[in-house]
$ cat start-v6.cif   # mmCIF, C-alpha atoms
data_protein
#
loop_
_atom_site.label_atom_id
_atom_site.label_comp_id
_atom_site.auth_asym_id
_atom_site.auth_seq_id
_atom_site.Cartn_x
_atom_site.Cartn_y
_atom_site.Cartn_z
CA MET A 943 5.16 -132.03 -30.17
CA ASP A 944 2.15 -133.80 -28.71
CA GLY A 945 0.79 -136.62 -30.83
CA MET A 946 3.97 -137.11 -32.88
CA ASN A 947 5.22 -140.66 -33.27
CA THR A 948 8.63 -141.78 -32.07
CA MET A 949 10.64 -143.96 -34.43
CA GLY A 950 9.67 -146.94 -32.28
CA ASP A 951 6.00 -146.00 -32.56
CA VAL A 952 6.38 -145.64 -36.33
CA ALA A 953 7.92 -149.09 -36.66
CA ASP A 954 5.27 -150.66 -34.45
CA SER A 955 2.36 -148.96 -36.21
CA VAL A 956 3.63 -149.86 -39.67
CA SER A 957 4.23 -153.45 -38.64
CA LYS A 958 0.77 -153.81 -37.09
CA LEU A 959 -1.01 -152.04 -39.92
CA ASN A 960 0.73 -153.48 -42.91
CA GLY A 961 1.93 -157.01 -42.26
CA ASN A 962 3.58 -158.37 -45.39
CA ASP A 963 2.60 -155.38 -47.53
CA ILE A 964 5.93 -153.73 -46.62
CA LEU A 965 7.79 -156.59 -48.28
CA LYS A 966 5.61 -156.28 -51.37
CA ALA A 967 6.36 -152.57 -51.55
CA GLU A 968 10.12 -153.04 -51.20
CA ASN A 969 10.61 -156.00 -53.52
CA MET A 970 7.99 -155.49 -56.18
CA GLN A 971 9.09 -156.89 -59.53
CA GLU A 972 12.79 -156.38 -58.79
CA PHE A 973 12.86 -152.72 -59.75
CA GLU A 974 16.34 -151.22 -59.68
CA LYS A 975 15.65 -147.49 -59.34
CA LEU A 976 11.88 -147.23 -58.94
CA TYR A 977 11.18 -147.07 -55.25
CA ASN A 978 8.17 -147.11 -52.93
CA ILE A 979 6.10 -148.78 -55.64
CA ARG A 980 3.06 -150.86 -54.86
CA ASP A 981 -0.33 -151.94 -56.12
CA VAL A 982 -2.91 -149.89 -54.22
CA SER A 983 -5.22 -152.92 -54.12
CA ASP A 984 -2.75 -154.80 -51.90
CA GLY A 985 -4.01 -154.87 -48.35
CA ILE A 986 -7.49 -153.59 -49.18
CA SER A 987 -10.03 -156.24 -48.30
CA GLN A 988 -13.54 -156.53 -49.65
CA LEU A 989 -15.20 -153.12 -49.53
CA LYS A 990 -17.77 -152.55 -46.83
CA PHE A 991 -19.65 -150.35 -49.29
CA ASN A 992 -20.36 -150.54 -53.02
CA GLY A 993 -21.96 -153.96 -52.66
CA GLY A 994 -18.82 -155.60 -51.28
CA ARG A 995 -16.91 -155.18 -54.54
CA ARG A 996 -13.14 -155.59 -54.61
CA PHE A 997 -10.40 -153.41 -56.04
CA ARG A 998 -9.09 -154.61 -59.38
CA LYS A 999 -5.58 -155.97 -59.12
CA GLY A 1000 -2.84 -154.20 -61.05
CA ILE A 1001 -4.96 -151.24 -62.13
CA LEU A 1002 -3.84 -148.44 -59.77
CA MET A 1003 -0.18 -148.22 -58.79
CA ARG A 1004 1.72 -145.65 -56.73
CA SER A 1005 5.44 -144.98 -56.36
CA ALA A 1006 8.24 -142.49 -55.85
CA THR A 1007 9.63 -140.64 -58.88
CA THR A 1008 9.88 -142.48 -62.18
CA THR A 1009 12.65 -140.21 -63.48
CA MET A 1010 15.34 -142.44 -61.96
CA CYS A 1011 14.12 -145.55 -63.79
CA THR A 1012 16.67 -147.72 -65.55
CA GLU A 1013 16.00 -149.32 -68.93
CA SER A 1014 15.16 -152.50 -67.04
CA ASP A 1015 12.68 -150.65 -64.81
CA VAL A 1016 10.92 -149.14 -67.81
CA LYS A 1017 10.71 -152.58 -69.41
CA LEU A 1018 9.01 -153.91 -66.26
CA LEU A 1019 6.53 -151.01 -66.33
CA VAL A 1020 5.70 -151.65 -69.98
CA GLU A 1021 5.79 -155.43 -70.22
CA ILE A 1022 5.01 -156.75 -66.72
CA LEU A 1023 2.80 -154.12 -65.10
CA GLN A 1024 1.54 -152.94 -68.49
CA ILE A 1025 1.29 -149.36 -67.27
CA HIS A 1026 -0.52 -147.24 -69.85
CA THR A 1027 -0.54 -143.86 -68.10
CA ILE A 1028 1.80 -142.23 -65.58
CA MET A 1029 0.61 -139.18 -63.64
CA ASP A 1030 3.40 -137.05 -62.17
CA LEU A 1031 2.11 -134.74 -59.44
CA ARG A 1032 5.19 -132.50 -59.45
CA SER A 1033 5.61 -129.11 -61.10
CA HIS A 1034 7.88 -129.18 -64.16
CA PRO A 1035 9.07 -132.79 -63.87
CA PRO A 1036 12.29 -133.47 -65.79
CA HIS A 1037 12.56 -135.42 -69.00
CA HIS A 1038 14.09 -138.88 -68.69
CA PRO A 1039 15.06 -140.53 -72.01
CA PRO A 1040 14.53 -144.18 -70.98
CA LEU A 1041 11.04 -143.25 -69.80
CA ASP A 1042 10.22 -140.72 -72.54
CA ARG A 1043 10.51 -143.33 -75.29
CA TYR A 1044 7.45 -145.16 -73.93
CA TYR A 1045 5.81 -142.46 -71.82
CA PRO A 1046 6.38 -139.03 -73.43
CA LEU A 1047 5.90 -136.12 -71.04
CA MET A 1048 2.81 -134.04 -71.85
CA PRO A 1049 0.43 -131.60 -70.14
CA ALA A 1050 -2.41 -133.14 -68.19
CA PRO A 1051 -5.79 -133.40 -69.95
CA SER A 1052 -7.88 -130.25 -69.60
CA HIS A 1053 -11.22 -130.11 -67.82
CA GLU A 1054 -12.97 -129.96 -71.19
CA GLU A 1055 -11.19 -133.12 -72.32
CA LEU A 1056 -11.81 -134.98 -69.08
CA ILE A 1057 -15.56 -134.37 -69.01
CA THR A 1058 -15.86 -136.38 -72.22
CA LYS A 1059 -14.58 -139.32 -70.13
CA ILE A 1060 -12.78 -140.65 -73.21
CA PRO A 1061 -9.07 -141.41 -72.60
CA ARG A 1062 -6.36 -140.86 -75.17
CA LYS A 1063 -5.25 -144.06 -76.88
CA GLU A 1064 -1.50 -143.43 -76.67
CA SER A 1065 0.58 -144.04 -73.53
CA GLY A 1066 2.02 -140.99 -71.83
CA ARG A 1067 3.25 -139.26 -68.67
CA PHE A 1068 0.98 -136.44 -67.56
CA GLU A 1069 2.35 -133.39 -65.77
CA MET A 1070 -0.33 -132.81 -63.14
CA PRO A 1071 1.11 -130.45 -60.50
CA ILE A 1072 -0.81 -130.47 -57.24
CA ILE A 1073 1.04 -127.53 -55.73
CA GLY A 1074 0.29 -124.57 -57.97
CA GLY A 1075 0.11 -120.83 -57.49
CA LYS A 1076 -2.86 -120.92 -55.13
CA ALA A 1077 -1.21 -123.46 -52.86
CA ARG A 1078 2.05 -121.49 -52.81
CA ALA A 1079 0.11 -118.35 -51.90
CA ALA A 1080 -1.66 -120.28 -49.12
CA PHE A 1081 1.67 -121.52 -47.75
CA LEU A 1082 3.09 -117.98 -47.85
CA GLN A 1083 0.01 -116.63 -46.10
CA HIS A 1084 0.36 -119.35 -43.47
CA PHE A 1085 3.99 -118.45 -42.80
CA LEU A 1086 3.41 -114.70 -42.72
CA PHE A 1087 0.11 -114.44 -40.89
CA HIS A 1088 -0.04 -117.50 -38.66
CA ASN A 1089 3.62 -117.51 -37.63
CA PRO A 1090 4.95 -114.01 -38.39
CA LEU A 1091 7.77 -113.96 -35.82
CA HIS A 1092 8.86 -117.48 -36.71
CA SER A 1093 8.76 -116.63 -40.42
CA ILE A 1094 10.82 -113.45 -40.05
CA SER A 1095 13.34 -114.66 -37.51
CA VAL A 1096 13.82 -118.25 -38.69
CA MET A 1097 12.13 -119.19 -41.98
CA ALA A 1098 13.48 -116.28 -44.06
CA PRO A 1099 17.15 -116.74 -43.07
CA VAL A 1100 16.85 -120.52 -43.46
CA GLY A 1101 15.27 -120.10 -46.90
CA MET A 1102 18.04 -117.75 -48.03
CA SER A 1103 20.71 -120.10 -46.67
CA THR A 1104 19.12 -123.02 -48.51
CA LYS A 1105 19.18 -121.12 -51.82
CA VAL A 1106 22.84 -120.20 -51.35
CA VAL A 1107 23.79 -123.79 -50.50
CA LEU A 1108 21.89 -125.16 -53.50
CA ARG A 1109 23.47 -122.63 -55.84
CA TYR A 1110 27.00 -123.32 -54.61
CA LYS A 1111 26.54 -126.93 -53.55
CA ASP A 1112 29.78 -128.02 -55.21
CA ARG A 1113 31.70 -125.66 -52.94
CA VAL A 1114 29.87 -126.48 -49.71
CA SER A 1115 30.81 -129.34 -47.42
CA GLU A 1116 28.33 -132.17 -46.86
CA SER A 1117 28.10 -131.32 -43.17
CA VAL A 1118 27.00 -127.76 -44.02
CA ARG A 1119 24.52 -129.08 -46.58
CA ALA A 1120 23.13 -131.48 -43.99
CA ASN A 1121 22.75 -128.74 -41.40
CA VAL A 1122 21.01 -126.32 -43.79
CA GLN A 1123 18.78 -129.01 -45.35
CA ASN A 1124 17.64 -130.40 -42.01
CA THR A 1125 17.19 -126.98 -40.43
CA ALA A 1126 14.93 -125.95 -43.32
CA ALA A 1127 12.97 -129.21 -43.07
CA ARG A 1128 12.63 -128.95 -39.30
CA GLU A 1129 11.48 -125.34 -39.27
CA MET A 1130 8.97 -125.91 -42.07
CA MET A 1131 7.39 -128.77 -40.14
CA ARG A 1132 7.52 -126.79 -36.91
CA SER A 1133 5.55 -124.02 -38.62
CA PHE A 1134 2.94 -126.51 -39.89
CA LYS A 1135 2.92 -128.30 -36.52
CA GLY A 1136 3.61 -131.49 -38.44
CA ALA A 1137 2.65 -133.01 -41.78
CA GLY A 1138 -1.05 -132.83 -40.91
CA GLY A 1139 -0.91 -129.03 -40.94
CA MET A 1140 0.60 -129.06 -44.41
CA TYR A 1141 -2.08 -131.44 -45.67
CA LYS A 1142 -4.82 -129.21 -44.28
CA ILE A 1143 -3.53 -126.28 -46.33
CA LEU A 1144 -3.41 -128.45 -49.44
CA LEU A 1145 -6.95 -129.71 -48.89
CA GLN A 1146 -8.21 -126.12 -48.66
CA SER A 1147 -6.17 -124.56 -51.46
CA THR A 1148 -5.78 -127.24 -54.14
CA GLY A 1149 -9.34 -128.42 -54.65
CA LEU A 1150 -9.28 -127.88 -58.42
CA GLU A 1151 -5.97 -129.72 -58.80
CA LEU A 1152 -7.06 -132.60 -56.58
CA CYS A 1153 -10.31 -132.93 -58.51
CA GLN A 1154 -8.43 -132.95 -61.83
CA ALA A 1155 -6.08 -135.65 -60.54
CA LEU A 1156 -9.03 -137.78 -59.42
CA GLN A 1157 -10.73 -137.29 -62.79
CA ILE A 1158 -7.58 -138.43 -64.60
CA ILE A 1159 -7.50 -141.59 -62.48
CA ALA A 1160 -11.18 -142.17 -63.27
CA VAL A 1161 -10.87 -141.61 -67.03
CA TYR A 1162 -7.56 -143.40 -67.49
CA GLY A 1163 -8.16 -146.08 -64.84
CA GLU A 1164 -9.65 -148.35 -67.49
CA ARG A 1165 -6.02 -149.44 -68.04
CA PRO A 1166 -3.16 -149.60 -65.51
CA ILE A 1167 -2.12 -146.18 -64.23
CA LEU A 1168 0.82 -145.17 -62.01
CA VAL A 1169 0.62 -142.10 -59.76
CA HIS A 1170 3.70 -140.52 -58.20
CA CYS A 1171 5.42 -137.34 -57.04
CA LEU A 1172 9.00 -137.25 -55.71
CA SER A 1173 8.99 -139.50 -52.66
CA GLY A 1174 5.53 -140.88 -53.34
CA LYS A 1175 4.23 -140.14 -49.87
CA ASP A 1176 2.76 -136.62 -49.45
CA ARG A 1177 1.14 -135.45 -52.69
CA THR A 1178 0.71 -139.03 -53.85
CA GLY A 1179 -0.48 -140.08 -50.41
CA LEU A 1180 -3.18 -137.40 -50.40
CA VAL A 1181 -4.40 -138.13 -53.94
CA ILE A 1182 -4.52 -141.88 -53.36
CA ALA A 1183 -6.28 -141.42 -50.01
CA LEU A 1184 -9.02 -139.36 -51.69
CA THR A 1185 -9.26 -141.93 -54.50
CA LEU A 1186 -9.80 -144.73 -52.01
CA LEU A 1187 -12.34 -142.71 -50.03
CA ALA A 1188 -14.22 -141.90 -53.25
CA CYS A 1189 -14.49 -145.65 -53.88
CA GLY A 1190 -15.91 -146.30 -50.43
CA VAL A 1191 -12.78 -147.82 -48.90
CA ASP A 1192 -12.93 -147.72 -45.11
CA ARG A 1193 -10.80 -145.16 -43.29
CA GLU A 1194 -8.58 -147.72 -41.57
CA SER A 1195 -7.51 -149.18 -44.93
CA VAL A 1196 -6.86 -145.68 -46.29
CA GLU A 1197 -4.58 -144.92 -43.35
CA LYS A 1198 -2.91 -148.30 -43.75
CA ASP A 1199 -2.04 -147.68 -47.41
CA TYR A 1200 -0.58 -144.28 -46.56
CA ALA A 1201 1.58 -145.62 -43.73
CA ILE A 1202 3.26 -148.26 -45.90
CA SER A 1203 5.49 -145.50 -47.25
CA ASN A 1204 7.31 -145.31 -43.90
CA ALA A 1205 9.16 -148.49 -44.83
CA PHE A 1206 10.77 -146.54 -47.66
CA ALA A 1207 10.80 -143.03 -46.19
CA PHE A 1208 13.08 -143.87 -43.26
CA SER A 1209 15.50 -145.91 -45.38
CA ILE A 1210 18.77 -144.57 -46.78
CA ILE A 1211 17.34 -145.12 -50.29
CA HIS A 1212 15.14 -142.09 -49.66
CA ALA A 1213 18.26 -139.92 -49.67
CA GLU A 1214 18.98 -140.97 -53.26
CA VAL A 1215 15.45 -140.06 -54.34
CA LEU A 1216 15.75 -136.65 -52.68
CA GLY A 1217 19.09 -136.07 -54.39
CA LEU A 1218 20.96 -135.96 -51.08
CA PRO A 1219 24.30 -137.58 -50.29
CA LYS A 1220 23.78 -140.43 -47.86
CA GLU A 1221 25.90 -138.54 -45.35
CA VAL A 1222 23.33 -135.71 -45.38
CA PHE A 1223 20.33 -137.95 -44.66
CA PRO A 1224 19.45 -137.95 -40.93
CA THR A 1225 20.71 -140.89 -38.90
CA ARG A 1226 18.39 -143.11 -36.90
CA GLU A 1227 19.62 -141.38 -33.74
CA THR A 1228 18.82 -137.94 -35.19
CA LEU A 1229 15.32 -139.02 -36.21
CA ASP A 1230 14.75 -140.60 -32.78
CA ASN A 1231 15.42 -137.24 -31.16
CA ASP A 1232 13.84 -134.89 -33.69
CA PRO A 1233 10.07 -135.28 -34.17
CA PHE A 1234 9.89 -132.57 -36.83
CA LEU A 1235 12.46 -134.27 -39.04
CA ARG A 1236 10.49 -137.51 -38.65
CA GLU A 1237 7.45 -135.66 -39.91
CA TYR A 1238 9.37 -134.23 -42.88
CA TYR A 1239 11.17 -137.36 -44.06
CA GLY A 1240 8.53 -139.90 -43.07
CA ALA A 1241 4.90 -140.67 -43.80
CA PRO A 1242 3.52 -140.20 -40.29
CA LEU A 1243 0.25 -141.92 -39.54
CA THR A 1244 -0.77 -138.89 -37.50
CA GLY A 1245 -0.42 -136.74 -40.64
CA ILE A 1246 -3.07 -138.53 -42.66
CA GLN A 1247 -5.26 -138.97 -39.56
CA GLU A 1248 -5.23 -135.22 -38.95
CA ALA A 1249 -6.05 -134.58 -42.61
CA LEU A 1250 -9.02 -136.95 -42.55
CA ASP A 1251 -10.21 -135.55 -39.22
CA PHE A 1252 -9.99 -132.06 -40.76
CA ILE A 1253 -12.22 -133.11 -43.65
CA GLU A 1254 -14.84 -134.63 -41.39
CA GLU A 1255 -14.80 -131.67 -38.97
CA ASN A 1256 -15.08 -129.00 -41.68
CA TRP A 1257 -17.20 -130.69 -44.38
CA GLY A 1258 -19.07 -133.29 -42.34
CA SER A 1259 -18.13 -136.25 -44.54
CA PHE A 1260 -15.64 -137.35 -47.16
CA ASP A 1261 -18.33 -137.29 -49.86
CA ALA A 1262 -19.19 -133.70 -48.94
CA TYR A 1263 -15.55 -132.68 -49.38
CA LEU A 1264 -15.36 -134.46 -52.73
CA ASP A 1265 -18.54 -132.66 -53.81
CA TRP A 1266 -16.95 -129.36 -52.73
CA ILE A 1267 -13.89 -129.84 -54.96
CA GLY A 1268 -16.08 -130.92 -57.90
CA PHE A 1269 -15.66 -134.68 -57.78
CA ASP A 1270 -19.37 -135.33 -57.35
CA SER A 1271 -21.39 -138.54 -57.07
CA SER A 1272 -21.49 -139.10 -60.85
CA TRP A 1273 -17.70 -138.93 -61.01
CA ARG A 1274 -17.37 -141.21 -57.97
CA SER A 1275 -19.66 -143.77 -59.58
CA PHE A 1276 -17.61 -143.61 -62.77
CA LEU A 1277 -14.39 -144.02 -60.77
CA CYS A 1278 -15.80 -147.10 -59.01
CA ASP A 1279 -16.74 -148.67 -62.32
CA ARG A 1280 -13.14 -148.18 -63.47
CA LEU A 1281 -11.29 -149.36 -60.38
CA LEU A 1282 -13.58 -151.95 -58.79
CA GLU A 1283 -14.36 -155.45 -59.96
CA HIS A 1284 -17.75 -155.97 -61.51
CA HIS A 1285 -20.13 -158.56 -60.10
#

$ encode --input "start-v6.cif" --output "C-alpha cells"
Amino acid sequence: MDGMNTMGDVADSVSKLNGNDILKAENMQEFEKLYNIRDVSDGISQLKFNGGRRFRKGILMRSATTTMCTESDVKLLVEILQIHTIMDLRSHPPHHPPLDRYYPLMPAPSHEELITKIPRKESGRFEMPIIGGKARAAFLQHFLFHNPLHSISVMAPVGMSTKVVLRYKDRVSESVRANVQNTAAREMMRSFKGAGGMYKILLQSTGLELCQALQIIAVYGERPILVHCLSGKDRTGLVIALTLLACGVDRESVEKDYAISNAFAFSIIHAEVLGLPKEVFPTRETLDNDPFLREYYGAPLTGIQEALDFIEENWGSFDAYLDWIGFDSSWRSFLCDRLLEHH
C-alpha cells in the first residue's frame, strides 16, 4: 500500500522523532506489568501558543491496559505517580482486584456532572468507551457499502472463523490461532486502507464520546490522571492527540507523542497485552513483508498524519473540529488552565 512504512522506516522515524523518550516509556518507574506508560509532557517543548506556557509534569499520563497491574505496579501508581483518576477507553473493562482497591471501576461522569466542572473527591477508574453503538454502526456501514465484495467474500468468513477459534481456543493449535488472528487483522486494515482510515471513521462517528473524554481530562486534570485503552495506541492515541491540539501543542509534537508507542507495539510484550501466545505474535520477518499487519499491531506515523490531515481538510482547523464535537473555546481554555503551567 502506498505511503505505508516499512519496519526500517518505522524504526528510523521513531528514533529521529523521539530520541530518549523511548527509553523513558519503556523503563518508567520499573513497572512490572504496566506497559507503554509515559508522561505526556515528556518531549513537548515550550508551546508556540498559549503564551509559551509549558505542560505540567506528571499531570497527564498514558499507557496500555491497567488490568494487568501487579500489587507493586498499583503501589507505584498510588504513591509515586500519585494518580487520582484512571480513564479506561474500552467497553466493559474487566475488574482487577489489585487495582479496584484503590481505583474502583465506575461509569464515567455524565454530561450534566461534567458541565459543573467540579471533580469527584474520591479516586476511581472511569469506564469511558470510545467505540460505542454509533461507531460500530459506522464500521459496519463502511464494510458493507464501501467494500461490499471484500466484506462478503473475505471479512464475513474471517469473522466467523475468529469467533469459532476464540470459543474453542483450548482445542485449537497455536499455528491455527496465529493464522486466523493475523488474517482477521490484515483484512480489517486492508478494508480501512490502513490505520488512518479507521481513525477517520472514529473522528466522524464518535464526536460525543471524544468530547466527553476530553471533558473528563479537563475536569479531573487538576490532579494526575492516566488514560488508557488496551494497547494504549489507537483510542488512547486519538484522545491524547486531540487533548494536545486543544492545548495548542504543535502538530509535529502531537505526531511525535503518538509514534512513541511503536517502541512497545512491535515488541513481544505487546502479545501479552493482547492476550496472545508469543508464538502467535507476528515475527519481525512477517511484519517486514506485511504492511497491513504493521498497521494493525503498530502505531504508524502515517495513521495519525492521515487523521490530522482529514480534520484539516474537512473542518478547516483543529479548533473547528473541536467546536464541532462540542469541546468549544471555553472548554479548551479550562483544559489549558488544568494542564499547563501558570506564569

$ resolve_selection --input "start-v6.cif" --expression "the PyMOL selection byres ((chain A and resi 1263-1271) around 8)" --output "PDB file with C-alpha atoms, in the frame of the given file"
ATOM      1  CA  GLY A1149      -9.340-128.420 -54.650  1.00  0.00           C
ATOM      2  CA  LEU A1150      -9.280-127.880 -58.420  1.00  0.00           C
ATOM      3  CA  LEU A1152      -7.060-132.600 -56.580  1.00  0.00           C
ATOM      4  CA  CYS A1153     -10.310-132.930 -58.510  1.00  0.00           C
ATOM      5  CA  LEU A1156      -9.030-137.780 -59.420  1.00  0.00           C
ATOM      6  CA  GLN A1157     -10.730-137.290 -62.790  1.00  0.00           C
ATOM      7  CA  ALA A1188     -14.220-141.900 -53.250  1.00  0.00           C
ATOM      8  CA  ILE A1253     -12.220-133.110 -43.650  1.00  0.00           C
ATOM      9  CA  TRP A1257     -17.200-130.690 -44.380  1.00  0.00           C
ATOM     10  CA  GLY A1258     -19.070-133.290 -42.340  1.00  0.00           C
ATOM     11  CA  SER A1259     -18.130-136.250 -44.540  1.00  0.00           C
ATOM     12  CA  PHE A1260     -15.640-137.350 -47.160  1.00  0.00           C
ATOM     13  CA  ASP A1261     -18.330-137.290 -49.860  1.00  0.00           C
ATOM     14  CA  ALA A1262     -19.190-133.700 -48.940  1.00  0.00           C
ATOM     15  CA  SER A1272     -21.490-139.100 -60.850  1.00  0.00           C
ATOM     16  CA  TRP A1273     -17.700-138.930 -61.010  1.00  0.00           C
ATOM     17  CA  ARG A1274     -17.370-141.210 -57.970  1.00  0.00           C
ATOM     18  CA  SER A1275     -19.660-143.770 -59.580  1.00  0.00           C
TER      19      SER A1275
END

$ resolve_selection --input "start-v6.cif" --expression "the PyMOL selection byres ((chain A and resi 1024) around 10)" --output "number ranges by chain"
A: 1000-1001, 1017-1023, 1025-1027, 1165-1167

$ residues_around --input "start-v6.cif" --residues "A:His1038" --least-positions-apart "6" --cutoff "10 Å" --atoms "only C-alpha atoms" --output "MDAnalysis selection string"
chainID A and resid 1008:1012 1045:1047

$ closest_residue --input "start-v6.cif" --among "A:Leu1235, A:Ala1183, A:Leu1002, A:Ala1079" --to "A:Arg1132" --atoms "all atoms listed in the file"
A:Leu1235

$ axis_aligned_box --input "start-v6.cif" --around "stretch 1183-1194 of chain A" --padding-each-side "8 Å" --output "JSON"
{"center_x": -11.1, "center_y": -143.6, "center_z": -48.0, "size_x": 25.6, "size_y": 24.5, "size_z": 28.9}

$ closest_residue --input "start-v6.cif" --among "A:Asn1231, A:Asn1256, A:Ser1209, A:Thr1007" --to "A:Thr1178" --atoms "all atoms listed in the file"
A:Thr1007

$ atom_distance --input "start-v6.cif" --atom1 "atom CA of A:Tyr1044" --atom2 "atom CA of A:Val1016"
8.1 Å

$ resolve_selection --input "start-v6.cif" --expression "the PyMOL selection byres ((chain A and resi 1069) around 10)" --output "VMD selection string"
chain A and resid 1028 to 1036 1047 to 1051 1066 to 1068 1070 to 1072
